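Chemist: Pasting a structure below so you can have a look.
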Amino acid sequence: MLLAKIYVTFKEGVPDPQGETMGQSLLAMGYQGVLSVRTGKYLEIKLATADKDAASREVEEMCRRLLANSVIEQYRYTLEECC
Amino acid sequence: MLLAKIYVTFKEGVPDPQGETMGQSLLAMGYQGVLSVRTGKYLEIKLATADKDAASREVEEMCRRLLANSVIEQYRYTLEECC
Amino acid sequence: MEPKVYRQMGLTDYEYGRIKEILGREPNYVETGMFAVMWSEHCGYKNSRPVLKLFPTEAPWVLQGPGENAGVVDIGDGQAVVFKIESHNHPSAIEPFQGAATGVGGIVRDIFTMGARPIAVLNSLRLGPLENPRNRYLMAGAVGGISFYSNCLGLPTVAGEVYFEPTYSGNPLVNAMAVGLIEHKDILRAKASGIGNDVMYIGARTGRDGIHGATFASEELSMTMEAQQPAVPVGDPFREKLLLEACLEIIKEDLIIGMQDMGAAGLTSSSCEMAARAVTGMELNLDLVPRREEGMTPYEIMLSESQERMLLVAKEGARERIEAICRRWGLEAVVIGRVTSDGIMRIKEKGRVVAAVPAKALTDQCPVYERERRRPSYLDRVQNTDLSSLPEPEDYGAALLKLIATPNLASKEWIYRQCDYMARTDTVAGPGGDAAVLRIKGTGKGLALTVDGNGRYCYLDPERGGAIAVAEAARNLSCVGARPLAITNCLNFGNPEKPEVAWQFYQAVVGMSRACEALQTPVTGGNVSFYNETEGEAIYPTPIVGMVGLLADIKHACGSGFSRENDEIILLGETHAEIGGSEYLAVIHSLVAGEPPQLDLEREKAVQELVREAIAAGLVRAAHDCAEGGLAIALAESVINGGLGARIELESSLRPDYLLFSESQSRVLLAVAPACRDRVLALARQKGIPATVIGLCGGSALEVSLNGRVLFNLSLGELEQTWRESIPALMAG
Amino acid sequence: MKFGVIVFPGSNGEQDVYHALDEVLRQPVDYLWHGDTDVSGYDCLVLPGGFSYGNYLRAGAIARFAPIMSAVIDFARAGGLVLGICNGFQILLEAGLLPGAMLRNDCLQFRCQWTHLRVENTATPFSNRFRQGQVIRVPIAHGEGNYYVDAATLAELEANRQVVFRYCDPSGKVTTAANPNGSVANIAGIINREGNILGMMPRPERCVEELLGGSDGREMLASVVDWWQRGNSNGA
Ligand SMILES: Nc1ncnc2c1ncn2[C@@H]1O[C@H](COP(=O)(O)OP(=O)(O)O)[C@@H](O)[C@H]1O
Ligand SMILES: [Mg+2]
C-alpha cells in the first residue's frame, strides 16, 4: 500500500485573499514577525498498489484531472510506503 | 527569514465529507486503486526571524490558537531557512 | 513601434495610426497599452455604439440613463432603484468559479459607486447540455462562484435564469445583475471635478492578475487560450464587503465628488472615464499605488484588473476623514494623484512622466465602426422548415413528462438553494416564480425583479426574439402585480466583424427598442459582449433583459401557484399554431426551426394592464405567464408551485400538440375565486382581451382534456418528482 | 430589555437581527462594534449571521479573536444571555463557549432553504414560548453547519438536555432526509450547561413576519424577552 501526499498551492502571482486575511489577523493577534501567509490544500490518498511508478503516473493524472485547477493552481506530491 | 510549512489535518474519526466525495469521484473516474482520501490544509508562513527556537514556539502557538481547531483538527509543521 | 507589439495588444494598424494622429507623435508602450484597453470593444463599444443609440432611454421616472456605472429609476418617496447587468463570459469559460464570482463582485461595485446600497443580485447563465461533463463542470463552477461571492456579501440572489443549448458548449454565458436602493439626494456620478482635488485609491492591492482582461473579453475564445492561461481574476468577497460598507459611509458623510471601481481596464479606465466626464485631467503617481507584487511596471499597474479596488475623487479637505473611515474598515486608502485642469492623464513613476494622453482621447475618440450587415443565409433554411407534417406524440402524458424533465424547463432548485435568497429579510418571493418580489422596508411598496432572454428565438429571428425578451420580462413583472419601469440589458453576440453577426445584433436591438417603446420601459444601461465564438462558430444571438418594476402595495404581490380548491382557471390571450422555436419542437422532435411566435405589442400591453389591474383589485389568487413549453408547462408549474391539482377542459380546433405546447405570446393563466370570475371576465371584455375559463383547481392530479377527450392525467407527485429531480440527477453525472 | 448586536467585519445578518428586534419585537437594540471592549448595559448579546472575516480558514475562527470577544466571554461566564445565530454559532464554538465544531455541509454545498425544527427543550430563555416537541419552521443559509462533537460529549449534551433544536420532517420525525447538512444527531441548536448561551444554525430573524413566509422566529425571540421580564419582575 502506498500513501500519496499531495500539496496543491496557488501559482505564483495568483492572489490568495484567504492567506492575506489570515496574515493580517495574525499580525493583529500580535505575531509581528509574520511576513506573508499562502494557503493551499493538502491531501492524503491511500493507494492499493505497491508499484511506485504506476502509482506516480496515476497520482500525476488525478492531480491534473481533478485535484488541482490548472488555471490557478500547481501541485506536487510524494509517495511513501504505508500501513 | 524562515518559512513555516504547516499541515492541518482532521483527527482520526472526524468525518471528512469532501475527502469522501473526492474518493468516490476518483473511483468513478477509473482509479480503482484509491482506498481513501483525506483532505487537509497546507499553509506557508514566512517569518521575519532567523531564530528557529523562537519561531517554533510562535508557530506552535499560532496553530494552537488559530490555525487548527483542536476539536476536529491536528497539525504539524516544519521550519526551513528561506529566501 | 513594431506593429507586432500593438497588434498583440489588440489594436489594428488603422487604430494605431489614429493614436499617432491624436497625439501628434508615436505613443510609448504604456500609452499604447492604455489606448488598447480603452479602445477595446469591451470599454470603447466601437462596434456597438451607433446601434445602441436606437434604444429609447427616457421616461419621467428615469433619473439616470446609460452613460454612468448603473441606471437609476425613481420609485417615489424620494427613493430610487439602481441596477445594471454585465457579462463575465470569457473569464468564466476559463475558470468558471472565479469568473462568475468576480462577475458578481464587479456588478455589485457598479451599484455602490452610484451611492446605492446593493439589495439583491440576479444572474443569467447559458451552458451547453449537461450530458457533457465539461458543461457540468462549468455549471457547478459558475453557480459555486456566484453563491460564494453573493452569499459572503450578504446579498440575496433573488432570481435568475439558465438555458442549455449545444450552441453554448464552447462559450458559456455568465451575466450578473445587481440592484440597489438609494435616496435621490445620495445619487453620485463618477466625475472627477474640482481642480486640485485628491484622487484616492482604496481597497485591495494591485497585482498582475487580469492584465488585459478587457481586451481578452473582446476576442474570440480559441482552443489555445486555455493553454495560454490568461491571468484569471480571483475574488475576495470579504474585502468587497468592507469596501462596500466603507464607501457607503463615505458617501453618507458627503466626502467625495465621485468614484468608480477599477474593473475592466483597471486604473486606466476608472481614472480617464472620471476625468473625461468632468472635462478635467488627472495626474497620478504610480509609486503610491499599493502593490501586491514586487517589480510591477507602469504598464502592469495601469492595466491590472485586480478586484475589489475603488478610485475616489475626494472633496477638498475630506482626505483625512476618508482615511479614517477606511482604517476603521481595515482598508488601505492612499492619495495617488490629483485632478488637473488640462484634460491630460499624466502618469508618473519615480519622478518621470511615463504616459501623457488626453483623457477624452481614450474615452471619446475611440473609433466607431459601422459594420456591414448581412442577413444570414441559415435563416431561409430554418424559417422555412415544414413543421406541419410532424407526427403528433402518441402519449401526451409521456410528452409532458419528457418536457418537464428537460433542464430548460425543470426545476432550477439545484442552483438557487446554493444561493442565499433570503438575506436582508426583504424577499417576499424568491427564485422559482415569474419574478422576484422584495418589500421596501419602511414603505408599503415592493420591487419586482426579473431577468429574461431566449437565444433560440433570437437565432430564428433576432428582431422578434429581442422584442419578446422585453415583453416577457415585463409580463413576468405584471404577473406578480408590478408595473414595469425600465430595463438594463446584456447583449451577448458573436464576432461583430462578421456581417451576419452585425445583422443579428442590429435586428435584436431594433426589436428590443420597439418593445421598450411600446411597454414604456426605457433602457437605463447595459453591457455588450461580442466575440462569443468558438472555432469560428458564433453562439445564438443572446440579448438578456434585466427589468425592474414597482408594486404599489406589497400585500398584493401575487404568486403563480394554484392553492385553493375550486378556484377557476382563466386563460388570457389566444393560442395559435406557433411551435417554431419551441421547447416542444426541440425536445420532442429534436428540431430548432420555424419562426418564433408572433408578438403583438398592443395586445401584450393590454394583457399586462389587465393582469395588473385585476391583481391590484384583489381579484386574483395566482397568475402565471405562458412561456417556454406553452400552456401545458405553465399549468404544470402552477400545479406544482401551489401543491394543488387542476382539471382543464379545452375546446379548440388546433392540433392538440400545438394547443398544449405552442409558445404563443401575450398569454397569462389566472386562478380566481369563483366569486371574482365574472368581474375578471368583464374587465377582459372591456379591454378587448380574449379570456376563457378553462378549468378548476383541485385534486391531486393535472388532467387536461380537449373537446371532451382526455389528453393526459398525471399525478401531482409524478409531475413534481420528474420536474424536481431532473437537474440534480444530471449533475450527479 | 436591551439587546446588543455585534458587528464583525464581514457580518451581514446584523441588520436583519436589528430589524427583527427593533421593528417587530419593539425592543431597544444597539449595534456593537467588534473593536469595542465594553458590553455593559446590555441584557442579551446577539452574534449575527454572515461571513465574519470571509469565514476564511474556518467559519468564525478569526472573529473569535476580535477585541470584543473577551468582553462577550466575561459577559457569558457571568450568566448574561448570548445568542449566536449561524456564523454567530460558529464563533461561539471557536471561542469555546459552546462545545463541538462545525464541518462543511455533507453535501459540500451552501444550503438556503426552509427547515423544520423540533423543539427539544423548552426550559430555556430562548425556547420557553414553544411546546415540548413542537415543530417549527425556520430557514437556514449556510455552507458549514455540519455540527460535530465526539461521542462522549454528545452523550453529555443529550443527558443534560442541551440540544434545543433538531432538524426534523414536517411531522416531527428526526430523519436523515430532514438533516440538511449532516450534523450529528440532527442537531440544529444547542445551549451551554448553565443555560444562558444558545447557538443555532437556523435563522430566527428571517422568520419574524408572515409576509416573508413565517413567524416562528418571532416566537423564539419573544421567548427571550419574556424570560428576561419574568426574571426581572421576580428579582424586583
Ligand atoms: N446593451 C447596452 N444597452 C444600453 N447601454 C449600454 C449597453 N451596453 C453598455 N451600455 C452603457 O454604456 C456605458 C458604458 O458601459 P461599460 O463600459 O460597460 O460601463 P462599466 O465598464 O463602467 O460597467 C454604461 O453606462 C452602460 O450602461
Ligand atoms: Mg463600472
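For the C-alpha cells, the naming scheme is as follows: chains receive sequential letters (A, B, ...) according to their order of presentation, residues are indexed from 1 within each chain, and ligands are indexed from 1 in presentation order.
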Within 8 Å of ligand 1 (counting only C-alpha atoms and all ligand atoms), which residues show up? I'd like them as a PyMOL selection string.

Modeler: chain C and resi 42-45+52+55+65-71+84+86+107+110+260-261+263-264+270+488-491+523-528

Chemist: Taking only C-alpha atoms into account, what are the residues of chain D at most 9 Å from chain B, put as a ChimeraX atom specification?

Modeler: /D:57-58,61-62,65,94,99-108,148-150

Chemist: Mind listing as a ChimeraX atom specification which residues of chain D are within 6 Å of chain C, counting only C-alpha atoms?

Modeler: /D:10,12,16,51,54,110-112,141,206,212

Chemist: Quick one: residues within 12 Å of C:Gln665, only C-alpha atoms counted, chain neighbours fewer than 6 positions away excluded, as an mmCIF file with all heavy atoms, in the first residue's frame?

Modeler:
data_model
loop_
_atom_site.group_PDB
_atom_site.id
_atom_site.type_symbol
_atom_site.label_atom_id
_atom_site.label_comp_id
_atom_site.auth_asym_id
_atom_site.auth_seq_id
_atom_site.Cartn_x
_atom_site.Cartn_y
_atom_site.Cartn_z
ATOM 1 N N ARG C 464 -37.620 39.716 -33.638
ATOM 2 C CA ARG C 464 -38.764 39.290 -32.832
ATOM 3 C C ARG C 464 -38.283 38.727 -31.489
ATOM 4 O O ARG C 464 -38.898 38.971 -30.443
ATOM 5 C CB ARG C 464 -39.581 38.250 -33.582
ATOM 6 C CG ARG C 464 -41.004 38.199 -33.092
ATOM 7 C CD ARG C 464 -41.825 37.158 -33.822
ATOM 8 N NE ARG C 464 -42.053 37.492 -35.214
ATOM 9 C CZ ARG C 464 -42.479 36.589 -36.129
ATOM 10 N NH1 ARG C 464 -42.669 35.332 -35.766
ATOM 11 N NH2 ARG C 464 -42.681 36.950 -37.369
ATOM 12 N N GLY C 465 -37.186 37.994 -31.526
ATOM 13 C CA GLY C 465 -36.642 37.440 -30.286
ATOM 14 C C GLY C 465 -36.279 38.542 -29.298
ATOM 15 O O GLY C 465 -36.525 38.421 -28.098
ATOM 16 N N ALA C 467 -37.606 41.549 -29.166
ATOM 17 C CA ALA C 467 -38.848 42.150 -28.665
ATOM 18 C C ALA C 467 -39.495 41.241 -27.619
ATOM 19 O O ALA C 467 -39.978 41.711 -26.579
ATOM 20 C CB ALA C 467 -39.810 42.398 -29.830
ATOM 21 N N ILE C 468 -39.460 39.941 -27.890
ATOM 22 C CA ILE C 468 -40.086 39.002 -26.941
ATOM 23 C C ILE C 468 -39.351 39.011 -25.601
ATOM 24 O O ILE C 468 -39.974 38.925 -24.534
ATOM 25 C CB ILE C 468 -40.136 37.571 -27.543
ATOM 26 C CG1 ILE C 468 -41.176 37.516 -28.668
ATOM 27 C CG2 ILE C 468 -40.464 36.536 -26.470
ATOM 28 C CD1 ILE C 468 -41.246 36.185 -29.402
ATOM 29 N N ALA C 469 -38.040 39.141 -25.641
ATOM 30 C CA ALA C 469 -37.283 39.170 -24.377
ATOM 31 C C ALA C 469 -37.792 40.296 -23.484
ATOM 32 O O ALA C 469 -38.002 40.109 -22.282
ATOM 33 C CB ALA C 469 -35.787 39.323 -24.652
ATOM 34 N N VAL C 470 -38.006 41.454 -24.076
ATOM 35 C CA VAL C 470 -38.511 42.594 -23.295
ATOM 36 C C VAL C 470 -39.944 42.339 -22.851
ATOM 37 O O VAL C 470 -40.306 42.542 -21.684
ATOM 38 C CB VAL C 470 -38.433 43.895 -24.130
ATOM 39 C CG1 VAL C 470 -39.071 45.056 -23.366
ATOM 40 C CG2 VAL C 470 -36.987 44.211 -24.491
ATOM 41 N N ALA C 471 -40.769 41.856 -23.797
ATOM 42 C CA ALA C 471 -42.187 41.638 -23.485
ATOM 43 C C ALA C 471 -42.348 40.606 -22.377
ATOM 44 O O ALA C 471 -43.164 40.763 -21.466
ATOM 45 C CB ALA C 471 -42.939 41.185 -24.736
ATOM 46 N N GLU C 472 -41.552 39.557 -22.472
ATOM 47 C CA GLU C 472 -41.696 38.509 -21.472
ATOM 48 C C GLU C 472 -41.224 38.968 -20.101
ATOM 49 O O GLU C 472 -41.828 38.644 -19.075
ATOM 50 C CB GLU C 472 -40.946 37.249 -21.900
ATOM 51 C CG GLU C 472 -41.299 36.096 -20.983
ATOM 52 C CD GLU C 472 -40.627 34.794 -21.342
ATOM 53 O OE1 GLU C 472 -40.366 34.566 -22.531
ATOM 54 O OE2 GLU C 472 -40.365 34.025 -20.407
ATOM 55 N N ALA C 473 -40.139 39.733 -20.083
ATOM 56 C CA ALA C 473 -39.672 40.263 -18.797
ATOM 57 C C ALA C 473 -40.781 41.108 -18.174
ATOM 58 O O ALA C 473 -41.103 40.971 -16.996
ATOM 59 C CB ALA C 473 -38.402 41.085 -18.999
ATOM 60 N N ARG C 475 -43.953 40.959 -18.796
ATOM 61 C CA ARG C 475 -45.080 40.100 -18.439
ATOM 62 C C ARG C 475 -44.824 39.417 -17.096
ATOM 63 O O ARG C 475 -45.719 39.271 -16.265
ATOM 64 C CB ARG C 475 -45.285 39.054 -19.533
ATOM 65 C CG ARG C 475 -46.687 38.473 -19.580
ATOM 66 C CD ARG C 475 -46.795 37.401 -20.660
ATOM 67 N NE ARG C 475 -46.266 37.827 -21.935
ATOM 68 C CZ ARG C 475 -45.445 37.091 -22.688
ATOM 69 N NH1 ARG C 475 -45.063 35.883 -22.308
ATOM 70 N NH2 ARG C 475 -45.001 37.556 -23.833
ATOM 71 N N LEU C 572 -55.896 34.052 -20.353
ATOM 72 C CA LEU C 572 -55.980 35.315 -21.086
ATOM 73 C C LEU C 572 -55.159 35.198 -22.361
ATOM 74 O O LEU C 572 -54.062 34.655 -22.348
ATOM 75 C CB LEU C 572 -55.423 36.465 -20.250
ATOM 76 C CG LEU C 572 -56.061 36.717 -18.883
ATOM 77 C CD1 LEU C 572 -55.344 37.868 -18.187
ATOM 78 C CD2 LEU C 572 -57.545 37.027 -19.042
ATOM 79 N N GLY C 573 -55.696 35.718 -23.449
ATOM 80 C CA GLY C 573 -54.951 35.706 -24.711
ATOM 81 C C GLY C 573 -55.335 34.518 -25.559
ATOM 82 O O GLY C 573 -56.232 33.736 -25.205
ATOM 83 N N GLU C 574 -54.658 34.395 -26.683
ATOM 84 C CA GLU C 574 -55.020 33.361 -27.658
ATOM 85 C C GLU C 574 -53.838 32.457 -27.957
ATOM 86 O O GLU C 574 -52.694 32.903 -28.022
ATOM 87 C CB GLU C 574 -55.431 34.024 -28.972
ATOM 88 C CG GLU C 574 -56.788 34.658 -28.936
ATOM 89 C CD GLU C 574 -56.975 35.613 -30.100
ATOM 90 O OE1 GLU C 574 -56.102 36.496 -30.290
ATOM 91 O OE2 GLU C 574 -57.960 35.458 -30.834
ATOM 92 N N THR C 575 -54.155 31.194 -28.202
ATOM 93 C CA THR C 575 -53.130 30.238 -28.584
ATOM 94 C C THR C 575 -53.204 30.023 -30.093
ATOM 95 O O THR C 575 -54.281 29.756 -30.621
ATOM 96 C CB THR C 575 -53.355 28.907 -27.864
ATOM 97 O OG1 THR C 575 -53.468 29.161 -26.460
ATOM 98 C CG2 THR C 575 -52.202 27.946 -28.129
ATOM 99 N N HIS C 576 -52.070 30.183 -30.757
ATOM 100 C CA HIS C 576 -52.016 29.960 -32.206
ATOM 101 C C HIS C 576 -51.140 28.756 -32.494
ATOM 102 O O HIS C 576 -50.444 28.261 -31.614
ATOM 103 C CB HIS C 576 -51.436 31.195 -32.907
ATOM 104 C CG HIS C 576 -52.183 32.446 -32.589
ATOM 105 N ND1 HIS C 576 -53.437 32.722 -33.069
ATOM 106 C CD2 HIS C 576 -51.853 33.502 -31.796
ATOM 107 C CE1 HIS C 576 -53.842 33.895 -32.606
ATOM 108 N NE2 HIS C 576 -52.900 34.383 -31.832
ATOM 109 N N ALA C 577 -51.197 28.345 -33.760
ATOM 110 C CA ALA C 577 -50.352 27.226 -34.178
ATOM 111 C C ALA C 577 -48.929 27.740 -34.365
ATOM 112 O O ALA C 577 -48.491 28.022 -35.473
ATOM 113 C CB ALA C 577 -50.882 26.627 -35.467
ATOM 114 N N GLU C 578 -48.235 27.928 -33.231
ATOM 115 C CA GLU C 578 -46.901 28.529 -33.290
ATOM 116 C C GLU C 578 -45.907 27.658 -32.517
ATOM 117 O O GLU C 578 -45.615 27.934 -31.363
ATOM 118 C CB GLU C 578 -46.934 29.927 -32.656
ATOM 119 C CG GLU C 578 -47.787 30.912 -33.410
ATOM 120 C CD GLU C 578 -47.834 32.276 -32.724
ATOM 121 O OE1 GLU C 578 -48.101 32.343 -31.519
ATOM 122 O OE2 GLU C 578 -47.592 33.275 -33.426
ATOM 123 N N ILE C 579 -45.414 26.644 -33.153
ATOM 124 C CA ILE C 579 -44.451 25.824 -32.419
ATOM 125 C C ILE C 579 -43.015 26.079 -32.865
ATOM 126 O O ILE C 579 -42.083 25.448 -32.383
ATOM 127 C CB ILE C 579 -44.770 24.314 -32.507
ATOM 128 C CG1 ILE C 579 -44.843 23.878 -33.958
ATOM 129 C CG2 ILE C 579 -46.015 23.968 -31.737
ATOM 130 C CD1 ILE C 579 -44.686 22.389 -34.115
ATOM 131 N N SER C 582 -39.939 26.332 -30.383
ATOM 132 C CA SER C 582 -40.448 25.946 -29.061
ATOM 133 C C SER C 582 -39.592 24.858 -28.423
ATOM 134 O O SER C 582 -38.839 24.147 -29.093
ATOM 135 C CB SER C 582 -41.893 25.457 -29.182
ATOM 136 O OG SER C 582 -41.937 24.257 -29.923
ATOM 137 N N PRO C 596 -40.111 32.143 -34.515
ATOM 138 C CA PRO C 596 -40.610 32.298 -33.142
ATOM 139 C C PRO C 596 -42.033 32.854 -33.187
ATOM 140 O O PRO C 596 -42.459 33.376 -34.211
ATOM 141 C CB PRO C 596 -39.636 33.283 -32.520
ATOM 142 C CG PRO C 596 -38.919 33.942 -33.633
ATOM 143 C CD PRO C 596 -38.985 33.034 -34.808
ATOM 144 N N PRO C 597 -42.768 32.747 -32.089
ATOM 145 C CA PRO C 597 -44.152 33.212 -32.088
ATOM 146 C C PRO C 597 -44.274 34.702 -32.414
ATOM 147 O O PRO C 597 -43.340 35.486 -32.186
ATOM 148 C CB PRO C 597 -44.626 32.925 -30.663
ATOM 149 C CG PRO C 597 -43.428 32.515 -29.885
ATOM 150 C CD PRO C 597 -42.378 32.117 -30.836
ATOM 151 N N GLN C 598 -45.436 35.064 -32.954
ATOM 152 C CA GLN C 598 -45.727 36.469 -33.246
ATOM 153 C C GLN C 598 -45.836 37.254 -31.940
ATOM 154 O O GLN C 598 -46.200 36.693 -30.916
ATOM 155 C CB GLN C 598 -47.081 36.584 -33.966
ATOM 156 C CG GLN C 598 -47.157 35.854 -35.277
ATOM 157 C CD GLN C 598 -46.461 36.621 -36.392
ATOM 158 O OE1 GLN C 598 -46.179 37.805 -36.261
ATOM 159 N NE2 GLN C 598 -46.172 35.914 -37.478
ATOM 160 N N LEU C 599 -45.562 38.536 -32.037
ATOM 161 C CA LEU C 599 -45.752 39.383 -30.862
ATOM 162 C C LEU C 599 -46.503 40.637 -31.278
ATOM 163 O O LEU C 599 -46.009 41.438 -32.068
ATOM 164 C CB LEU C 599 -44.394 39.760 -30.251
ATOM 165 C CG LEU C 599 -44.462 40.720 -29.061
ATOM 166 C CD1 LEU C 599 -45.166 40.076 -27.876
ATOM 167 C CD2 LEU C 599 -43.072 41.190 -28.652
ATOM 168 N N ASP C 600 -47.707 40.786 -30.754
ATOM 169 C CA ASP C 600 -48.496 41.992 -30.982
ATOM 170 C C ASP C 600 -48.352 42.850 -29.736
ATOM 171 O O ASP C 600 -48.919 42.542 -28.679
ATOM 172 C CB ASP C 600 -49.958 41.586 -31.222
ATOM 173 C CG ASP C 600 -50.881 42.802 -31.306
ATOM 174 O OD1 ASP C 600 -50.460 43.918 -30.925
ATOM 175 O OD2 ASP C 600 -52.031 42.619 -31.742
ATOM 176 N N LEU C 601 -47.578 43.917 -29.858
ATOM 177 C CA LEU C 601 -47.231 44.688 -28.659
ATOM 178 C C LEU C 601 -48.423 45.405 -28.041
ATOM 179 O O LEU C 601 -48.469 45.606 -26.826
ATOM 180 C CB LEU C 601 -46.089 45.659 -28.970
ATOM 181 C CG LEU C 601 -44.714 44.968 -29.033
ATOM 182 C CD1 LEU C 601 -43.687 45.852 -29.727
ATOM 183 C CD2 LEU C 601 -44.226 44.603 -27.629
ATOM 184 N N GLU C 602 -49.392 45.784 -28.870
ATOM 185 C CA GLU C 602 -50.595 46.421 -28.314
ATOM 186 C C GLU C 602 -51.348 45.425 -27.438
ATOM 187 O O GLU C 602 -51.779 45.731 -26.327
ATOM 188 C CB GLU C 602 -51.503 46.942 -29.435
ATOM 189 C CG GLU C 602 -51.014 48.248 -30.050
ATOM 190 C CD GLU C 602 -50.616 49.272 -28.979
ATOM 191 O OE1 GLU C 602 -51.453 49.580 -28.110
ATOM 192 O OE2 GLU C 602 -49.453 49.744 -29.009
ATOM 193 N N ARG C 603 -51.497 44.209 -27.969
ATOM 194 C CA ARG C 603 -52.153 43.159 -27.212
ATOM 195 C C ARG C 603 -51.365 42.854 -25.923
ATOM 196 O O ARG C 603 -51.924 42.738 -24.841
ATOM 197 C CB ARG C 603 -52.262 41.912 -28.084
ATOM 198 C CG ARG C 603 -52.565 40.604 -27.358
ATOM 199 C CD ARG C 603 -53.904 40.585 -26.646
ATOM 200 N NE ARG C 603 -55.049 40.669 -27.540
ATOM 201 C CZ ARG C 603 -55.575 39.651 -28.217
ATOM 202 N NH1 ARG C 603 -55.055 38.452 -28.102
ATOM 203 N NH2 ARG C 603 -56.615 39.823 -28.992
ATOM 204 N N GLU C 604 -50.069 42.768 -26.090
ATOM 205 C CA GLU C 604 -49.209 42.477 -24.936
ATOM 206 C C GLU C 604 -49.441 43.497 -23.824
ATOM 207 O O GLU C 604 -49.601 43.149 -22.658
ATOM 208 C CB GLU C 604 -47.741 42.506 -25.379
ATOM 209 C CG GLU C 604 -46.737 42.195 -24.282
ATOM 210 C CD GLU C 604 -46.781 40.736 -23.834
ATOM 211 O OE1 GLU C 604 -46.761 39.854 -24.709
ATOM 212 O OE2 GLU C 604 -46.846 40.482 -22.618
ATOM 213 N N LYS C 605 -49.439 44.737 -24.235
ATOM 214 C CA LYS C 605 -49.589 45.807 -23.266
ATOM 215 C C LYS C 605 -50.935 45.708 -22.557
ATOM 216 O O LYS C 605 -51.031 45.846 -21.335
ATOM 217 C CB LYS C 605 -49.487 47.139 -24.018
ATOM 218 C CG LYS C 605 -49.240 48.294 -23.138
ATOM 219 C CD LYS C 605 -48.930 49.532 -23.947
ATOM 220 C CE LYS C 605 -48.981 50.719 -23.010
ATOM 221 N NZ LYS C 605 -49.266 51.958 -23.706
ATOM 222 N N VAL C 607 -52.881 43.055 -22.197
ATOM 223 C CA VAL C 607 -52.948 41.883 -21.312
ATOM 224 C C VAL C 607 -52.262 42.198 -19.985
ATOM 225 O O VAL C 607 -52.777 41.899 -18.901
ATOM 226 C CB VAL C 607 -52.304 40.649 -21.984
ATOM 227 C CG1 VAL C 607 -52.107 39.529 -20.972
ATOM 228 C CG2 VAL C 607 -53.154 40.169 -23.148
ATOM 229 N N GLN C 608 -51.105 42.806 -20.097
ATOM 230 C CA GLN C 608 -50.368 43.098 -18.864
ATOM 231 C C GLN C 608 -51.113 44.093 -17.975
ATOM 232 O O GLN C 608 -51.145 43.952 -16.755
ATOM 233 C CB GLN C 608 -48.967 43.614 -19.201
ATOM 234 C CG GLN C 608 -48.080 42.529 -19.787
ATOM 235 C CD GLN C 608 -46.641 42.973 -19.917
ATOM 236 O OE1 GLN C 608 -46.168 43.805 -19.153
ATOM 237 N NE2 GLN C 608 -45.929 42.425 -20.885
ATOM 238 N N ASP C 625 -47.358 33.419 -16.297
ATOM 239 C CA ASP C 625 -47.311 33.681 -17.730
ATOM 240 C C ASP C 625 -46.990 32.395 -18.487
ATOM 241 O O ASP C 625 -46.326 31.494 -17.976
ATOM 242 C CB ASP C 625 -46.334 34.827 -18.026
ATOM 243 C CG ASP C 625 -44.977 34.372 -18.455
ATOM 244 O OD1 ASP C 625 -44.306 33.729 -17.632
ATOM 245 O OD2 ASP C 625 -44.595 34.650 -19.605
ATOM 246 N N CYS C 626 -47.535 32.277 -19.684
ATOM 247 C CA CYS C 626 -47.269 31.112 -20.523
ATOM 248 C C CYS C 626 -46.031 31.425 -21.351
ATOM 249 O O CYS C 626 -46.076 32.303 -22.202
ATOM 250 C CB CYS C 626 -48.434 30.847 -21.470
ATOM 251 S SG CYS C 626 -49.931 30.339 -20.634
ATOM 252 N N ALA C 627 -44.974 30.695 -21.100
ATOM 253 C CA ALA C 627 -43.740 30.988 -21.815
ATOM 254 C C ALA C 627 -43.201 29.700 -22.423
ATOM 255 O O ALA C 627 -43.964 28.948 -23.027
ATOM 256 C CB ALA C 627 -42.744 31.636 -20.869
ATOM 257 N N GLU C 628 -41.920 29.432 -22.255
ATOM 258 C CA GLU C 628 -41.319 28.236 -22.826
ATOM 259 C C GLU C 628 -42.077 26.988 -22.383
ATOM 260 O O GLU C 628 -42.333 26.790 -21.204
ATOM 261 C CB GLU C 628 -39.843 28.120 -22.421
ATOM 262 C CG GLU C 628 -38.913 29.085 -23.158
ATOM 263 C CD GLU C 628 -38.836 30.449 -22.497
ATOM 264 O OE1 GLU C 628 -39.508 30.661 -21.461
ATOM 265 O OE2 GLU C 628 -38.097 31.323 -23.024
ATOM 266 N N GLY C 629 -42.416 26.155 -23.339
ATOM 267 C CA GLY C 629 -43.173 24.937 -23.027
ATOM 268 C C GLY C 629 -44.671 25.115 -23.215
ATOM 269 O O GLY C 629 -45.414 24.144 -23.229
ATOM 270 N N GLY C 630 -45.109 26.375 -23.312
ATOM 271 C CA GLY C 630 -46.506 26.638 -23.623
ATOM 272 C C GLY C 630 -47.466 26.445 -22.470
ATOM 273 O O GLY C 630 -47.076 26.376 -21.299
ATOM 274 N N LEU C 631 -48.743 26.344 -22.835
ATOM 275 C CA LEU C 631 -49.825 26.249 -21.859
ATOM 276 C C LEU C 631 -49.653 25.053 -20.919
ATOM 277 O O LEU C 631 -49.850 25.153 -19.709
ATOM 278 C CB LEU C 631 -51.158 26.132 -22.613
ATOM 279 C CG LEU C 631 -52.414 25.904 -21.772
ATOM 280 C CD1 LEU C 631 -52.626 27.066 -20.810
ATOM 281 C CD2 LEU C 631 -53.640 25.733 -22.683
#

Chemist: Find, counting only C-alpha atoms, the residue in A:Leu3, A:Glu12, A:Gly19, A:Cys83 that gets nearest to B:Glu44.

Modeler: A:Gly19

Chemist: Within 12 Å of chain C, which residues of chain B show up when using only C-alpha atoms, listed as a PyMOL selection string?

Modeler: chain B and resi 21+24-25+28-29

Chemist: For chain B, list the residues within 10 Å of chain A, counting only C-alpha atoms, and write the list as a PyMOL selection string.

Modeler: chain B and resi 1-9+19+22-23+25-26+29+31-49+55+58-59+61-62+65-67

Chemist: Determine which residues of stretch 37-74 of chain A receive a DSSP assignment of helix (DSSP H, G or I), computed from the backbone, and state them as JSON, numbers by chain.

Modeler: {"A": [52, 53, 54, 55, 56, 57, 58, 59, 60, 61, 62, 63, 64, 65, 66, 67]}

Chemist: In terms of the shortest atom-to-atom distance over only C-alpha atoms, which of D:Leu93, D:Pro202, D:Lys2, D:Asp36 is closest to D:Tyr18?

Modeler: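 Ranked by minimum distance to D:Tyr18, first place goes to D:Lys2.
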
Chemist: Smallest atom-to-atom distance to D:Gly195: which of D:Ser233, D:Ser223, D:Thr124, D:Ser215, using only C-alpha atoms?

Modeler: D:Thr124

Chemist: Can you pull out every residue within 7 Å of D:Gln132, counting only C-alpha atoms, but drop anything in the same chain fewer than 2 positions away, and send it as a list in words?

Modeler: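 Once the nearby chain positions are removed, what remains is Val119, Glu120, Asn121, Thr122, Phe130 and Gln134 of chain D.
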